[in-house]
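Student: Contents of upload-v7.cif (mmCIF, C-alpha atoms and all ligand atoms):
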```cif
data_my_file
loop_
_atom_site.label_atom_id
_atom_site.label_comp_id
_atom_site.auth_asym_id
_atom_site.auth_seq_id
_atom_site.Cartn_x
_atom_site.Cartn_y
_atom_site.Cartn_z
CA MET A 1 97.00 100.67 130.76
CA GLN A 2 93.99 99.34 132.72
CA ASP A 3 91.44 97.28 130.82
CA LEU A 4 87.97 98.63 130.18
CA ASN A 5 86.26 96.63 132.94
CA LYS A 6 88.61 98.05 135.54
CA LEU A 7 88.08 101.54 134.19
CA TRP A 8 84.29 101.17 134.37
CA LYS A 9 84.65 99.98 137.96
CA ILE A 10 86.53 103.18 138.81
CA PHE A 11 83.95 105.22 136.90
CA ASN A 12 81.08 103.63 138.84
CA GLU A 13 82.82 104.25 142.15
CA LYS A 14 83.34 107.89 141.26
CA PHE A 15 79.92 108.82 139.87
CA THR A 16 76.29 107.93 140.56
CA ASP A 17 74.59 106.36 137.54
CA THR A 18 72.39 108.94 135.80
CA GLY A 19 70.58 106.28 133.77
CA LEU A 20 71.58 108.08 130.54
CA ALA A 21 73.87 107.09 127.62
CA LYS A 22 77.28 105.72 128.58
CA GLY A 23 80.27 104.88 126.41
CA ALA A 24 84.04 104.44 126.11
CA PHE A 25 86.28 106.05 123.48
CA SER A 26 89.96 106.38 122.60
CA ALA A 27 92.24 108.70 120.63
CA PRO A 28 95.94 108.12 119.83
CA GLY A 29 99.06 110.24 119.93
CA ARG A 30 101.07 110.62 116.73
CA VAL A 31 104.51 110.69 115.26
CA ASN A 32 105.22 112.63 112.11
CA LEU A 33 107.31 110.69 109.57
CA ILE A 34 108.12 113.76 107.48
CA GLY A 35 106.73 117.25 106.84
CA GLU A 36 107.73 119.30 109.89
CA HIS A 37 106.58 122.90 110.40
CA THR A 38 104.78 122.74 107.08
CA ASP A 39 101.17 122.46 108.30
CA TYR A 40 100.79 126.12 109.26
CA ASN A 41 102.36 127.03 105.93
CA GLU A 42 99.45 125.27 104.21
CA GLY A 43 101.79 122.51 103.08
CA PHE A 44 102.07 118.74 103.33
CA VAL A 45 102.60 116.36 106.25
CA LEU A 46 102.86 112.58 106.66
CA PRO A 47 102.13 111.47 110.23
CA ILE A 48 101.08 108.10 111.64
CA ALA A 49 98.92 107.46 114.71
CA ILE A 50 100.85 105.52 117.37
CA GLY A 51 99.90 102.71 119.73
CA LYS A 52 99.83 105.07 122.72
CA LYS A 53 96.47 106.63 123.46
CA ILE A 54 93.97 108.24 125.80
CA ILE A 55 90.87 106.31 126.85
CA MET A 56 87.83 108.26 128.05
CA LEU A 57 84.69 106.89 129.67
CA GLY A 58 81.61 109.07 129.86
CA GLN A 59 77.97 109.27 130.80
CA LEU A 60 75.49 112.02 130.03
CA ARG A 61 73.93 114.04 132.82
CA ASN A 62 70.51 115.62 133.01
CA ASP A 63 71.96 119.05 133.74
CA ARG A 64 74.70 121.34 132.32
CA LEU A 65 77.47 120.21 134.65
CA VAL A 66 80.66 118.43 133.56
CA GLN A 67 82.64 116.44 136.12
CA VAL A 68 85.92 114.96 135.03
CA TYR A 69 88.46 112.70 136.70
CA ASP A 70 92.00 112.32 135.35
CA LEU A 71 92.95 108.86 136.50
CA ALA A 72 96.67 109.09 135.70
CA TYR A 73 97.12 112.23 137.81
CA LYS A 74 94.35 111.41 140.32
CA THR A 75 92.91 114.86 139.96
CA GLU A 76 89.42 116.11 139.19
CA ALA A 77 87.50 119.16 138.06
CA LYS A 78 83.94 120.39 137.71
CA PHE A 79 82.54 123.09 135.43
CA SER A 80 79.31 124.24 133.83
CA LEU A 81 78.64 124.30 130.08
CA ASP A 82 77.13 127.75 130.67
CA ASN A 83 80.34 129.17 132.03
CA LEU A 84 83.30 128.07 129.92
CA SER A 85 86.40 130.21 130.37
CA PRO A 86 90.06 129.19 130.49
CA SER A 87 91.29 128.13 133.93
CA LYS A 88 94.66 129.47 135.11
CA LYS A 89 94.89 126.88 137.86
CA ASP A 90 93.87 123.60 136.24
CA THR A 91 95.32 124.12 132.80
CA TRP A 92 94.66 120.49 131.76
CA VAL A 93 90.92 121.17 132.01
CA ASN A 94 91.22 123.82 129.30
CA TYR A 95 91.62 121.13 126.63
CA LEU A 96 88.25 119.65 127.56
CA MET A 97 86.49 122.96 128.14
CA GLY A 98 87.88 124.38 124.91
CA VAL A 99 86.50 121.48 122.90
CA MET A 100 83.06 121.76 124.48
CA ASP A 101 83.12 125.51 123.90
CA GLU A 102 83.88 125.02 120.21
CA ILE A 103 81.21 122.31 119.84
CA GLN A 104 78.64 124.69 121.31
CA LYS A 105 79.88 127.59 119.18
CA ALA A 106 79.45 125.39 116.10
CA GLY A 107 75.76 125.29 117.04
CA TYR A 108 75.47 121.83 118.56
CA PRO A 109 73.41 121.57 121.77
CA LEU A 110 75.11 119.77 124.67
CA GLN A 111 74.12 118.19 127.96
CA GLY A 112 76.50 117.81 130.87
CA ALA A 113 78.55 114.64 131.40
CA ASN A 114 80.59 112.63 133.90
CA LEU A 115 84.00 111.68 132.50
CA VAL A 116 87.02 109.60 133.48
CA PHE A 117 90.15 109.40 131.36
CA THR A 118 93.55 107.79 131.42
CA SER A 119 96.56 108.09 129.13
CA ASN A 120 99.78 106.28 128.29
CA ILE A 121 101.05 108.96 125.89
CA PRO A 122 104.14 110.58 127.42
CA GLN A 123 103.46 114.26 128.05
CA ARG A 124 105.63 117.09 126.71
CA ALA A 125 107.40 114.57 124.47
CA GLY A 126 106.13 115.87 121.13
CA LEU A 127 103.77 112.92 120.64
CA SER A 128 100.60 115.04 120.75
CA SER A 129 99.05 114.06 124.03
CA SER A 130 97.18 117.41 123.91
CA ALA A 131 95.59 116.72 120.54
CA ALA A 132 94.64 113.22 121.72
CA LEU A 133 92.91 114.69 124.78
CA GLU A 134 91.02 117.17 122.61
CA VAL A 135 89.99 114.52 120.11
CA VAL A 136 88.90 111.92 122.67
CA THR A 137 86.85 114.62 124.43
CA ALA A 138 85.22 115.71 121.17
CA LEU A 139 84.36 112.13 120.23
CA THR A 140 83.00 111.27 123.68
CA ILE A 141 80.88 114.40 123.90
CA ALA A 142 79.63 114.11 120.31
CA LYS A 143 78.63 110.45 120.62
CA LEU A 144 77.00 110.78 124.05
CA ASN A 145 74.95 113.72 122.74
CA SER A 146 74.13 111.81 119.49
CA LEU A 147 75.79 114.46 117.31
CA GLU A 148 77.06 113.59 113.86
CA ILE A 149 80.41 115.38 113.59
CA GLU A 150 82.59 114.23 110.68
CA PRO A 151 86.26 113.50 111.54
CA VAL A 152 87.59 116.43 109.47
CA GLU A 153 85.21 118.85 111.17
CA MET A 154 86.14 117.33 114.51
CA ALA A 155 89.86 117.88 113.83
CA HIS A 156 89.27 121.55 112.97
CA LEU A 157 87.10 122.08 115.98
CA CYS A 158 89.80 120.58 118.23
CA ARG A 159 92.46 122.76 116.65
CA ARG A 160 90.31 125.85 117.28
CA ALA A 161 89.99 124.76 120.91
CA GLU A 162 93.79 124.64 121.21
CA ASN A 163 94.28 127.95 119.36
CA ASN A 164 91.49 129.93 121.01
CA PHE A 165 90.99 128.40 124.42
CA VAL A 166 94.30 126.83 125.41
CA GLY A 167 96.14 129.65 123.62
CA VAL A 168 98.64 127.57 121.64
CA ALA A 169 99.03 128.46 117.98
CA CYS A 170 99.37 124.97 116.46
CA GLY A 171 98.67 123.77 112.94
CA ILE A 172 96.13 121.09 111.98
CA MET A 173 98.38 118.01 111.73
CA ASP A 174 98.07 116.55 115.24
CA GLN A 175 94.28 116.73 115.54
CA TYR A 176 93.86 115.47 112.00
CA ILE A 177 95.93 112.31 112.42
CA SER A 178 94.42 111.56 115.83
CA CYS A 179 90.95 111.68 114.22
CA LEU A 180 91.79 109.95 110.94
CA GLY A 181 94.75 107.62 111.45
CA GLN A 182 94.43 104.01 110.30
CA LYS A 183 96.26 100.85 111.19
CA ASN A 184 99.20 100.19 108.80
CA TYR A 185 98.79 103.50 106.96
CA ALA A 186 100.48 106.87 107.09
CA LEU A 187 98.24 109.85 106.40
CA PHE A 188 99.35 112.21 103.64
CA ILE A 189 97.55 115.47 104.39
CA ASP A 190 97.29 118.56 102.25
CA CYS A 191 96.94 121.19 104.98
CA ARG A 192 95.46 123.71 102.57
CA THR A 193 92.66 121.73 100.94
CA ASN A 194 92.19 119.23 103.80
CA ASP A 195 92.43 116.44 101.24
CA TYR A 196 94.11 113.37 102.60
CA GLU A 197 95.27 110.03 101.31
CA LEU A 198 96.11 106.86 103.22
CA ILE A 199 99.57 105.66 102.22
CA PRO A 200 100.24 101.97 102.95
CA PHE A 201 103.03 101.70 105.50
CA LYS A 202 103.07 98.01 106.18
CA ASN A 203 106.20 96.19 105.29
CA HIS A 204 107.33 93.21 107.28
CA ASN A 205 110.96 94.21 106.88
CA TYR A 206 110.79 97.72 108.36
CA GLN A 207 109.78 99.28 111.63
CA VAL A 208 109.19 102.79 112.96
CA VAL A 209 111.01 103.35 116.24
CA ILE A 210 110.58 106.46 118.38
CA CYS A 211 113.32 107.66 120.76
CA ASN A 212 112.23 109.96 123.55
CA SER A 213 115.12 112.26 124.53
CA LYS A 214 113.32 112.97 127.84
CA VAL A 215 114.21 116.65 127.52
CA GLN A 216 111.85 119.49 126.66
CA ARG A 217 112.92 123.10 126.52
CA GLY A 218 110.51 125.73 127.83
CA LEU A 219 111.11 127.58 124.58
CA VAL A 220 108.74 125.56 122.43
CA ASN A 221 105.77 127.93 122.32
CA SER A 222 107.66 131.19 121.94
CA GLU A 223 110.03 129.81 119.31
CA TYR A 224 107.10 128.16 117.48
CA ASN A 225 105.32 131.51 117.28
CA LYS A 226 108.53 133.18 116.12
CA ARG A 227 108.87 130.66 113.27
CA MET A 228 105.28 131.33 112.23
CA GLU A 229 106.04 135.06 112.09
CA GLU A 230 109.23 134.50 110.09
CA CYS A 231 107.28 132.40 107.58
CA LYS A 232 104.75 135.22 107.25
CA ILE A 233 107.56 137.69 106.50
CA ALA A 234 108.90 135.38 103.79
CA THR A 235 105.41 134.95 102.33
CA GLU A 236 104.89 138.73 102.20
CA PHE A 237 108.21 139.10 100.38
CA PHE A 238 107.24 136.59 97.70
CA LYS A 239 103.80 138.20 97.38
CA HIS A 240 105.52 141.38 96.25
CA LYS A 241 107.95 139.62 93.95
CA LEU A 242 105.71 137.21 92.11
CA ASN A 243 102.87 138.23 89.93
CA ARG A 244 100.26 135.76 91.14
CA GLU A 245 98.27 134.89 94.21
CA ILE A 246 100.53 133.79 97.08
CA ARG A 247 98.87 132.75 100.31
CA ALA A 248 101.60 130.83 102.07
CA LEU A 249 105.10 129.41 101.58
CA ARG A 250 103.35 126.39 100.10
CA ASP A 251 102.90 128.46 96.93
CA ILE A 252 106.62 128.99 96.31
CA GLY A 253 108.56 126.64 94.04
CA ILE A 254 112.20 125.77 94.70
CA ASP A 255 113.32 127.56 91.51
CA GLU A 256 111.47 130.72 92.56
CA TYR A 257 113.06 130.53 95.97
CA GLU A 258 116.50 130.20 94.41
CA LYS A 259 115.95 133.15 92.11
CA TYR A 260 115.03 135.59 94.91
CA GLN A 261 116.56 134.15 98.07
CA ALA A 262 119.58 136.46 98.08
CA GLN A 263 117.27 139.45 98.55
CA LEU A 264 115.82 138.10 101.80
CA PRO A 265 117.34 138.66 105.27
CA GLU A 266 119.61 135.71 106.11
CA ILE A 267 117.43 134.13 108.81
CA ILE A 268 114.26 134.47 106.76
CA THR A 269 115.99 132.87 103.77
CA ARG A 270 116.84 129.81 105.81
CA ARG A 271 113.36 129.51 107.32
CA ALA A 272 111.80 129.70 103.86
CA ARG A 273 114.28 127.19 102.48
CA HIS A 274 113.31 124.67 105.14
CA VAL A 275 109.57 124.96 104.49
CA ILE A 276 109.86 124.95 100.71
CA SER A 277 112.29 122.04 100.61
CA GLU A 278 110.37 120.10 103.27
CA ASN A 279 107.15 120.31 101.26
CA TYR A 280 109.07 118.90 98.34
CA ARG A 281 110.53 116.11 100.49
CA VAL A 282 107.09 115.05 101.69
CA GLN A 283 105.81 114.71 98.14
CA VAL A 284 108.88 112.80 96.97
CA GLY A 285 108.71 110.67 100.13
CA VAL A 286 105.08 109.74 99.51
CA GLN A 287 106.00 108.64 96.00
CA ALA A 288 108.90 106.57 97.39
CA LEU A 289 106.54 104.81 99.81
CA ARG A 290 104.03 104.15 97.06
CA GLU A 291 106.86 102.38 95.24
CA GLY A 292 107.94 100.55 98.39
CA ASN A 293 111.28 102.35 98.31
CA PHE A 294 111.98 102.62 102.03
CA SER A 295 115.67 103.46 101.55
CA ALA A 296 114.80 106.57 99.54
CA PHE A 297 112.29 107.53 102.22
CA GLY A 298 114.93 107.10 104.92
CA GLN A 299 117.30 109.38 103.03
CA LEU A 300 114.64 112.09 102.92
CA MET A 301 114.18 111.78 106.69
CA ILE A 302 117.90 112.42 107.12
CA GLU A 303 117.71 115.50 104.89
CA SER A 304 114.66 116.71 106.78
CA HIS A 305 116.56 116.59 110.06
CA ARG A 306 119.50 118.49 108.60
CA SER A 307 117.14 121.18 107.38
CA LEU A 308 115.31 121.42 110.72
CA LYS A 309 118.63 121.66 112.53
CA ASN A 310 120.49 124.10 110.32
CA ASP A 311 117.83 126.15 108.54
CA TYR A 312 114.79 126.09 110.79
CA GLU A 313 116.83 125.81 114.01
CA VAL A 314 114.27 123.89 116.04
CA SER A 315 116.44 120.94 117.05
CA CYS A 316 118.62 120.72 120.18
CA ALA A 317 121.80 118.94 121.27
CA GLU A 318 119.96 115.89 122.62
CA LEU A 319 117.88 115.37 119.46
CA ASP A 320 120.97 115.81 117.26
CA LEU A 321 122.78 113.28 119.42
CA LEU A 322 119.94 110.73 119.08
CA VAL A 323 119.97 111.19 115.31
CA ASP A 324 123.77 110.90 115.08
CA LEU A 325 123.80 107.78 117.25
CA ALA A 326 120.98 106.24 115.20
CA LEU A 327 122.69 106.85 111.88
CA LYS A 328 125.76 105.00 113.13
CA GLN A 329 123.72 101.85 113.82
CA GLU A 330 123.37 99.05 111.36
CA GLY A 331 119.96 98.66 109.73
CA VAL A 332 118.92 102.32 110.13
CA LEU A 333 117.47 103.86 106.97
CA GLY A 334 116.54 107.26 108.36
CA ALA A 335 116.36 109.32 111.56
CA ARG A 336 115.05 112.78 112.35
CA MET A 337 113.53 114.92 115.08
CA THR A 338 109.75 114.93 115.00
CA GLY A 339 107.10 117.41 116.18
CA ALA A 340 107.68 121.03 117.16
CA GLY A 341 111.26 120.40 118.36
CA PHE A 342 113.46 121.80 121.19
CA GLY A 343 113.32 118.37 122.81
CA GLY A 344 110.83 115.54 122.62
CA CYS A 345 111.38 112.65 120.26
CA THR A 346 113.15 111.43 117.16
CA VAL A 347 111.55 109.09 114.65
CA ASN A 348 113.66 106.35 113.07
CA LEU A 349 113.10 103.94 110.22
CA LEU A 350 114.81 100.60 110.77
CA LYS A 351 115.16 97.17 109.29
CA LYS A 352 113.16 94.97 111.66
CA ASP A 353 115.97 92.56 112.46
CA TYR A 354 118.05 95.36 113.93
CA VAL A 355 115.47 96.84 116.30
CA ASN A 356 116.64 95.07 119.47
CA ALA A 357 120.31 95.90 118.95
CA PHE A 358 119.35 99.51 118.11
CA GLU A 359 117.36 99.89 121.30
CA LYS A 360 120.16 98.54 123.46
CA THR A 361 122.91 100.65 121.91
CA ILE A 362 120.91 103.89 121.81
CA LYS A 363 119.99 103.55 125.48
CA GLN A 364 123.59 102.85 126.46
CA GLU A 365 125.25 105.53 124.35
CA TYR A 366 122.73 108.30 125.02
CA LYS A 367 122.85 107.62 128.75
CA LYS A 368 126.66 107.61 128.71
CA ILE A 369 126.79 111.08 127.15
CA THR A 370 123.77 112.84 128.68
CA GLY A 371 123.17 110.92 131.91
CA ILE A 372 119.55 110.43 130.80
CA LEU A 373 117.98 107.07 129.98
CA PRO A 374 115.90 107.61 126.84
CA GLU A 375 112.62 105.80 126.27
CA ILE A 376 112.14 103.83 123.10
CA TYR A 377 108.78 102.95 121.57
CA VAL A 378 108.35 100.56 118.68
CA THR A 379 105.11 101.29 116.92
CA PRO A 380 103.51 100.36 113.62
CA PRO A 381 100.89 102.87 112.39
CA ALA A 382 97.87 102.53 114.69
CA GLU A 383 94.23 103.47 114.27
CA GLY A 384 92.69 106.86 114.93
CA ALA A 385 89.99 107.88 117.41
CA LYS A 386 87.20 105.39 117.90
CA GLN A 387 84.35 104.19 120.03
CA LEU A 388 85.47 101.18 122.09
CA ALA A 389 82.08 99.51 122.55
CA GLN A 390 78.39 100.17 121.85
CA LEU A 391 76.78 102.94 123.86
CA PHE A 392 74.71 101.55 126.70
C1 LIG A 401 103.42 120.85 116.66
C2 LIG A 401 102.12 121.44 116.14
C3 LIG A 401 101.80 120.89 114.74
C4 LIG A 401 103.01 121.08 113.81
C5 LIG A 401 104.28 120.56 114.46
C6 LIG A 401 105.51 120.85 113.64
O1 LIG A 401 103.27 119.48 116.87
O2 LIG A 401 101.05 121.12 117.01
O3 LIG A 401 100.66 121.53 114.24
O4 LIG A 401 103.14 122.42 113.42
O5 LIG A 401 104.48 121.10 115.74
O6 LIG A 401 105.46 120.18 112.43
#
```
What does this structure look like when you write it as structure tokens?
Tutor:
Amino acid sequence: MQDLNKLWKIFNEKFTDTGLAKGAFSAPGRVNLIGEHTDYNEGFVLPIAIGKKIIMLGQLRNDRLVQVYDLAYKTEAKFSLDNLSPSKKDTWVNYLMGVMDEIQKAGYPLQGANLVFTSNIPQRAGLSSSAALEVVTALTIAKLNSLEIEPVEMAHLCRRAENNFVGVACGIMDQYISCLGQKNYALFIDCRTNDYELIPFKNHNYQVVICNSKVQRGLVNSEYNKRMEECKIATEFFKHKLNREIRALRDIGIDEYEKYQAQLPEIITRRARHVISENYRVQVGVQALREGNFSAFGQLMIESHRSLKNDYEVSCAELDLLVDLALKQEGVLGARMTGAGFGGCTVNLLKKDYVNAFEKTIKQEYKKITGILPEIYVTPPAEGAKQLAQLF
């Protein structure tokens, strides 16, 4: 990734100085350690921010125009803050426009801006490059316009941009961790109350390693929406069975599930079982980390993958292969798919001394079977979105 001086040089070549506030900002991608497909069920998640990020440089303009240059793809766009509507052609611009639309709808006044951004987060790999783009845009625009937007509000605003403007029905996890991640901590988020707790994740003996399968099925959005619907059906069922307020699968205990599960259609039973058991695993996992019990945490990751594969059915052959290969390696405590699924990445917990051997063997074995060379990223928990230098 280019350093800031080089990026400013490109910025200055691209745009005439307006004499107004200028600044540089970044927002990271994420990997979820455990708690998959629980956020939109008002449950629990435990992601970390990763070392890969988007950097955005910006300067305010005196008018209502936004000009933006995507350095990685060498492509640019121009739009007015008075005329924000989703573009069918330049879909990448919708992430930026959507965020600005939501900021304005929340009642904050905006001026136009010139923007340049660059990213080293792999796209369509389940590492939340979209959320990072939303969050870095929100931070840049807020700071340049001197708006005080708290990180939690910023995360919600970015999620609304993705739901309403981009048209993807995601939960809150990705935007939340990109806004609030901290170096050496995982973020335990209650997706109902928005409460969060930083869980120390620094141990010199262990390492998080991400394996990118380099495949992504086109199915992600339609299957994601289908799972949401199936969870709603299960929730409705329990609403009728239990004599108390039920808002989401988060409200169902494992014993209640077991008592009534036979009355549910087979697919719905399995979907509900994943969400209910996964919420439980996150809470037990957080406790294990608090006690420094990484082996117990690794075991929960393995169970999470099994549940995502068999009950929630969002894995795929390549992800299962990466998990199987990982679990055969020495020094691996846990492995699972991460993110929405149907391709993308696995997340692995390893003893540090075994990382190099793991990387070599996974690359070899996965390539031998699939013909694809996977990418491997070693990343301790990184920090969330931030301003890179004083405004000037
Ligand atoms: C995607 C969504 C998140 C979450 C995960 C699955 O990454 O954007 O909100 O639902 O899938 O856990």
Student: From the set A:Leu33, A:Met1, A:Ile103, A:Ala296, which residue has the shortest atom-to-atom contact distance to A:Pro47, counting only C-alpha atoms?
Tutor: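 Using only C-alpha atoms, A:Pro47 sits closest to A:Leu33.
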Student: May I ask for the distance between atom CA of A:Leu110 and atom CA of A:Met56, given in Å to one decimal place?
Tutor: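 That distance, rounded to one decimal, is 17.5 Å.
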Student: Got a sec: who's within 10 Å of stretch 357-372 of chain A, counting only C-alpha atoms, leaving out chain neighbours fewer than 4 positions off, as a list in words?
Tutor: Val209, Ile210, Cys211, Ser213, Lys214, Val215, Ala317, Glu318, Leu321, Leu322, Val323, Leu325, Ala326, Lys328, Gln329, Glu330, Gly331, Val332, Leu350, Asp353, Ile376, Tyr377 and Val378 of chain A
Student: When you count all atoms listed in the file, which of these residues is closest to A:Phe117: A:Met154, A:Leu139, A:Val68, A:Ile246?
Tutor: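 Closest candidate: A:Val68.
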Student: For the contact check between chain A and ligand LIG 401 (chain A), emit one row per residue of chain A within 6 Å, containing the shortest atom pair and the distance in Å rounded to one decimal, counting all atoms listed in the file, chain then rising number order, as a tab-separated table.
Tutor:
```
residue	atom	partner	partner_atom	distance
A:Glu36	CA	A:LIG401	O6	3.5
A:His37	CA	A:LIG401	O6	3.6
A:Thr38	CA	A:LIG401	O6	6.0
A:Asp39	CA	A:LIG401	O4	5.5
A:Cys170	CA	A:LIG401	O2	4.2
A:Gly171	CA	A:LIG401	O3	3.3
A:Ile172	CA	A:LIG401	O3	5.1
A:Met173	CA	A:LIG401	O3	4.9
A:Asp174	CA	A:LIG401	O3	5.7
A:Gly339	CA	A:LIG401	O1	4.4
A:Ala340	CA	A:LIG401	O5	3.5
```
Student: What does the distance from atom CA of A:Gln175 to atom CA of A:Lys352 come to in Å, to one decimal?
Tutor: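 So the answer is 29.1 Å.
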Student: Could you pull the residues within 8 Å of A:Tyr176, counting all atoms listed in the file, minus those fewer than 4 positions along the same chain, as number ranges by chain?
Tutor: A: 151-152, 155-156, 172, 180-181
Student: May I ask which of the residues A:Ile50, A:Ala186, A:Leu242, A:Val66 is the closest one to A:Val116, counting all atoms listed in the file?
Tutor: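 For A:Val116, the nearest of the candidates is A:Val66.
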Student: Identify which of the residues A:Phe44, A:Tyr260, A:Phe237, A:Phe15 lies closest to A:Tyr196, counting all atoms listed in the file when measuring atom-to-atom distances.
Tutor: A:Phe44
Student: Restricting the calculation to only C-alpha atoms: of A:Gln216, A:Gln387, A:Asn243, A:Asn225, which residue gets closest to A:Leu319?
Tutor: A:Gln216
